[in-house]
Amino acid sequence: MRILFAGTAEIAVPSLRALSQHYEIAAVLTNTDKRGARGKALVPSAVKNEAEKLGIPVLQFDHLGREAREAVRAYACDTLVCFAYGRLFGPKFLSLFPFEQLNIHPSLLPLLRGPSPIQGAIFSQASESGISIQRIASEMDSGDVLLAEQFPLNGDETTASLSSFVAERAADLAVRALGKLQRGTAVFSPQRGEATYTKLITPVMAELDFTSPAKALHAQIRAMNPWPKARTTYQGQTLLITGVHGTIDEVGEDSTDTNIPVGTVVAKQKNKGIAITTSEGLLWVTRLQLEKRKEMDWQSFLNGNQDFLGFKLE
């Protein structure tokens with residue numbers, strides 16, 4: 001097999017690295033370099049950086065039109081492996097790969113199809129998730145599944161920590177999947193059950209509403225870490241809440257005084273952090289950050305903002 005690996009995000013790097021050790025990666029397709037945070041220098045994708053370390057040719061295009069197809073065709077790849085590339089493939093592009101076209105998707109399909117399955121698993125307070133390796137189909141994430149791996153969720157994962165975990169597990173699964181293809185033992189199975197879908201994450205989804213239950217807010221804060229970070233307003237400033245105490249099963253156990261408005265900072269506790277009232281239970285937060293300031297643990301934040309206790313967040 002001659003493989004074209006298509007990927008952009010950090011989560012795909014271990015899979016590229018592992019596959020390059022066992023199979024022939026003829027070229028890597030990744031998104032074009034983007035402007036950095038200050039808009040000056042162009043920043044390459046994590047996958048591009050890894051490909052260059054491995055000595056694999058890198059292809060980058062803003063559109064997968066004729067120019068891109070001709071460049072890919074020159075590498076005579078028969079198999080496409082995609083993981084977090086960030087663009088859809090049209091039928092003309094997929095026709096370049098006569099053997100197989102695979103996508104690595106971090107959920108148990110047909111659950112959590114779409115662009116943000118890891119955040120979706122955390123948002124939905126799921127007790128388990130997984131990774132699926134599927135055949136690429138015309139409808140997003142609808143293709144037959146070659147291999148899938150299921151794992152439990154503890155209820156304290158953030159998008160950052162779960163992405164790191166999935167990245168390593170996906171690499172092993174990808175090597176096994178390609179081994180089945182190479183040996184001719186691959187069996188694809190149709191997806192079973194009702195599909196659910198995720199949306200592209202936007203900053204609007206990070207805005208905290210304390211009329212929600214504590215469990216929902218706990219999940220939202222974890223899903224928004226590391227980007228765009230859950231946020232509220234404190235003294236006219238944007239306050240980012242980046243850490244919460246405990247697991248989802250432990251949240252909301254503390255009773256609240258219904259006479260206290262939701263969003264009020266009501267307590268501090270050494271082993272839990274700062275308590276904020278919600279519509280159902282207390283939300284204990286452990287890390288906070290005023291926008292354009294340094295992220296802090298809750299004790300350091302209180303030392304610098306002593307009027308925070310008793311304040312009502314909006």
# chains A, B, ... in the order shown; residues from 1 in each chain; ligands from 1
>>> select_by_dssp(residues="range 39-247 of chain A", states="helix (DSSP H, G or I)", output="PyMOL selection string")
chain A and resi 46-54+66-73+91-94+117-123+159-183+203-206+214-223
>>> residues_around(residues="Leu283 in chain A", least_positions_apart="3", cutoff="6 Å", atoms="only C-alpha atoms", output="list in words")
Ala214, Ala275 and Ile276 of chain A
>>> residues_around(residues="Asp254 in chain A", least_positions_apart="3", cutoff="12 Å", atoms="only C-alpha atoms", output="list in words")
Ala214, Lys215, Glu250, Val251, Asp257, Ala267, Lys272, Ala275, Ile276, Thr277, Thr278, Ser279, Glu280, Gly281, Leu282, Leu283 and Trp284 of chain A
>>> write_last_selection(atoms="C-alpha atoms", output="compact mmCIF listing (two decimals), in the first residue's frame")
# COMPACT_ATOMS: atom_id res chain seq x y z
CA ALA A 214 -24.42 22.34 38.02
CA LYS A 215 -23.85 19.09 36.11
CA GLU A 250 -20.24 14.09 42.29
CA VAL A 251 -21.61 17.41 41.02
CA ASP A 257 -30.39 28.21 49.43
CA ALA A 267 -18.30 29.73 49.58
CA LYS A 272 -13.07 21.81 46.50
CA ALA A 275 -18.74 27.43 45.08
CA ILE A 276 -21.17 29.11 42.67
CA THR A 277 -24.93 28.67 42.93
CA THR A 278 -26.83 27.16 39.99
CA SER A 279 -30.42 26.08 39.39
CA GLU A 280 -29.52 22.63 40.72
CA GLY A 281 -26.68 22.36 43.23
CA LEU A 282 -23.36 24.10 43.71
CA LEU A 283 -20.66 24.28 41.07
CA TRP A 284 -17.17 24.10 42.55
>>> closest_residue(among="A:Cys77, A:Ile133, A:Val175, A:Leu109", to="Ala26 in chain A", atoms="only C-alpha atoms")
A:Cys77
>>> select_by_dssp(residues="range 46-233 of chain A", states="strand (DSSP E or B)", output="PyMOL selection string")
chain A and resi 58-60+79-83+100-105+113+128-135+145-152+189+197+207+230-233
>>> residues_around(residues="Lys48 in chain A", least_positions_apart="4", cutoff="8 Å", atoms="only C-alpha atoms", output="number ranges by chain")
A: 8, 28, 30, 44, 52, 58
>>> residues_around(residues="Gln150 in chain A", least_positions_apart="5", cutoff="9 Å", atoms="only C-alpha atoms", output="number ranges by chain")
A: 107-108, 128-132
>>> residues_around(residues="Ala126 in chain A", least_positions_apart="4", cutoff="10 Å", atoms="only C-alpha atoms", output="PDB file with N, CA and C atoms, in the first residue's frame")
ATOM      1  N   GLY A 120     -18.430  16.783  22.179  1.00  0.00           N
ATOM      2  CA  GLY A 120     -19.793  16.269  22.267  1.00  0.00           C
ATOM      3  C   GLY A 120     -19.948  15.207  23.333  1.00  0.00           C
ATOM      4  N   ALA A 121     -18.968  14.333  23.463  1.00  0.00           N
ATOM      5  CA  ALA A 121     -19.026  13.290  24.490  1.00  0.00           C
ATOM      6  C   ALA A 121     -19.029  13.901  25.883  1.00  0.00           C
ATOM      7  N   ILE A 122     -18.227  14.949  26.079  1.00  0.00           N
ATOM      8  CA  ILE A 122     -18.166  15.607  27.383  1.00  0.00           C
ATOM      9  C   ILE A 122     -19.438  16.404  27.642  1.00  0.00           C
ATOM     10  N   PRO A 152     -14.371   3.671  28.814  1.00  0.00           N
ATOM     11  CA  PRO A 152     -15.207   4.422  29.763  1.00  0.00           C
ATOM     12  C   PRO A 152     -14.700   5.841  29.938  1.00  0.00           C
ATOM     13  N   LEU A 153     -15.605   6.734  30.328  1.00  0.00           N
ATOM     14  CA  LEU A 153     -15.253   8.105  30.689  1.00  0.00           C
ATOM     15  C   LEU A 153     -15.446   8.277  32.193  1.00  0.00           C
ATOM     16  N   ASN A 154     -14.493   8.927  32.840  1.00  0.00           N
ATOM     17  CA  ASN A 154     -14.557   9.111  34.288  1.00  0.00           C
ATOM     18  C   ASN A 154     -15.473  10.259  34.697  1.00  0.00           C
ATOM     19  N   GLY A 155     -15.716  11.189  33.767  1.00  0.00           N
ATOM     20  CA  GLY A 155     -16.554  12.331  34.096  1.00  0.00           C
ATOM     21  C   GLY A 155     -15.765  13.528  34.577  1.00  0.00           C
ATOM     22  N   ALA A 219     -19.897  20.019  32.829  1.00  0.00           N
ATOM     23  CA  ALA A 219     -19.567  19.422  31.535  1.00  0.00           C
ATOM     24  C   ALA A 219     -19.154  20.492  30.533  1.00  0.00           C
ATOM     25  N   ILE A 248     -18.406  14.221  37.155  1.00  0.00           N
ATOM     26  CA  ILE A 248     -19.797  14.593  36.872  1.00  0.00           C
ATOM     27  C   ILE A 248     -20.763  13.917  37.839  1.00  0.00           C
TER      28      ILE A 248
END
>>> closest_residue(among="A:Ile136, A:Ile221, A:Gln299, A:Lys312", to="Val265 in chain A", atoms="only C-alpha atoms")
A:Lys312
>>> closest_residue(among="A:Val145, A:Leu102, A:Val13, A:Leu240", to="Pro190 in chain A", atoms="only C-alpha atoms")
A:Val145
>>> atom_distance(atom1="CA of Gly310 in chain A", atom2="CA of Glu295 in chain A")
21.2 Å
>>> atom_distance(atom1="CA of Tyr85 in chain A", atom2="CA of Ser127 in chain A")
27.1 Å
>>> atom_distance(atom1="CA of Lys270 in chain A", atom2="CA of Leu290 in chain A")
21.5 Å
>>> closest_residue(among="A:Arg2, A:Ala18, A:Leu147, A:Arg176", to="Phe99 in chain A", atoms="only C-alpha atoms")
A:Arg2
>>> closest_residue(among="A:Pro14, A:Pro117, A:Gly86, A:Pro57", to="Ala74 in chain A", atoms="only C-alpha atoms")
A:Pro57
>>> closest_residue(among="A:Leu80, A:Tyr75, A:Gly7, A:Gln182", to="Ala46 in chain A", atoms="only C-alpha atoms")
A:Gly7
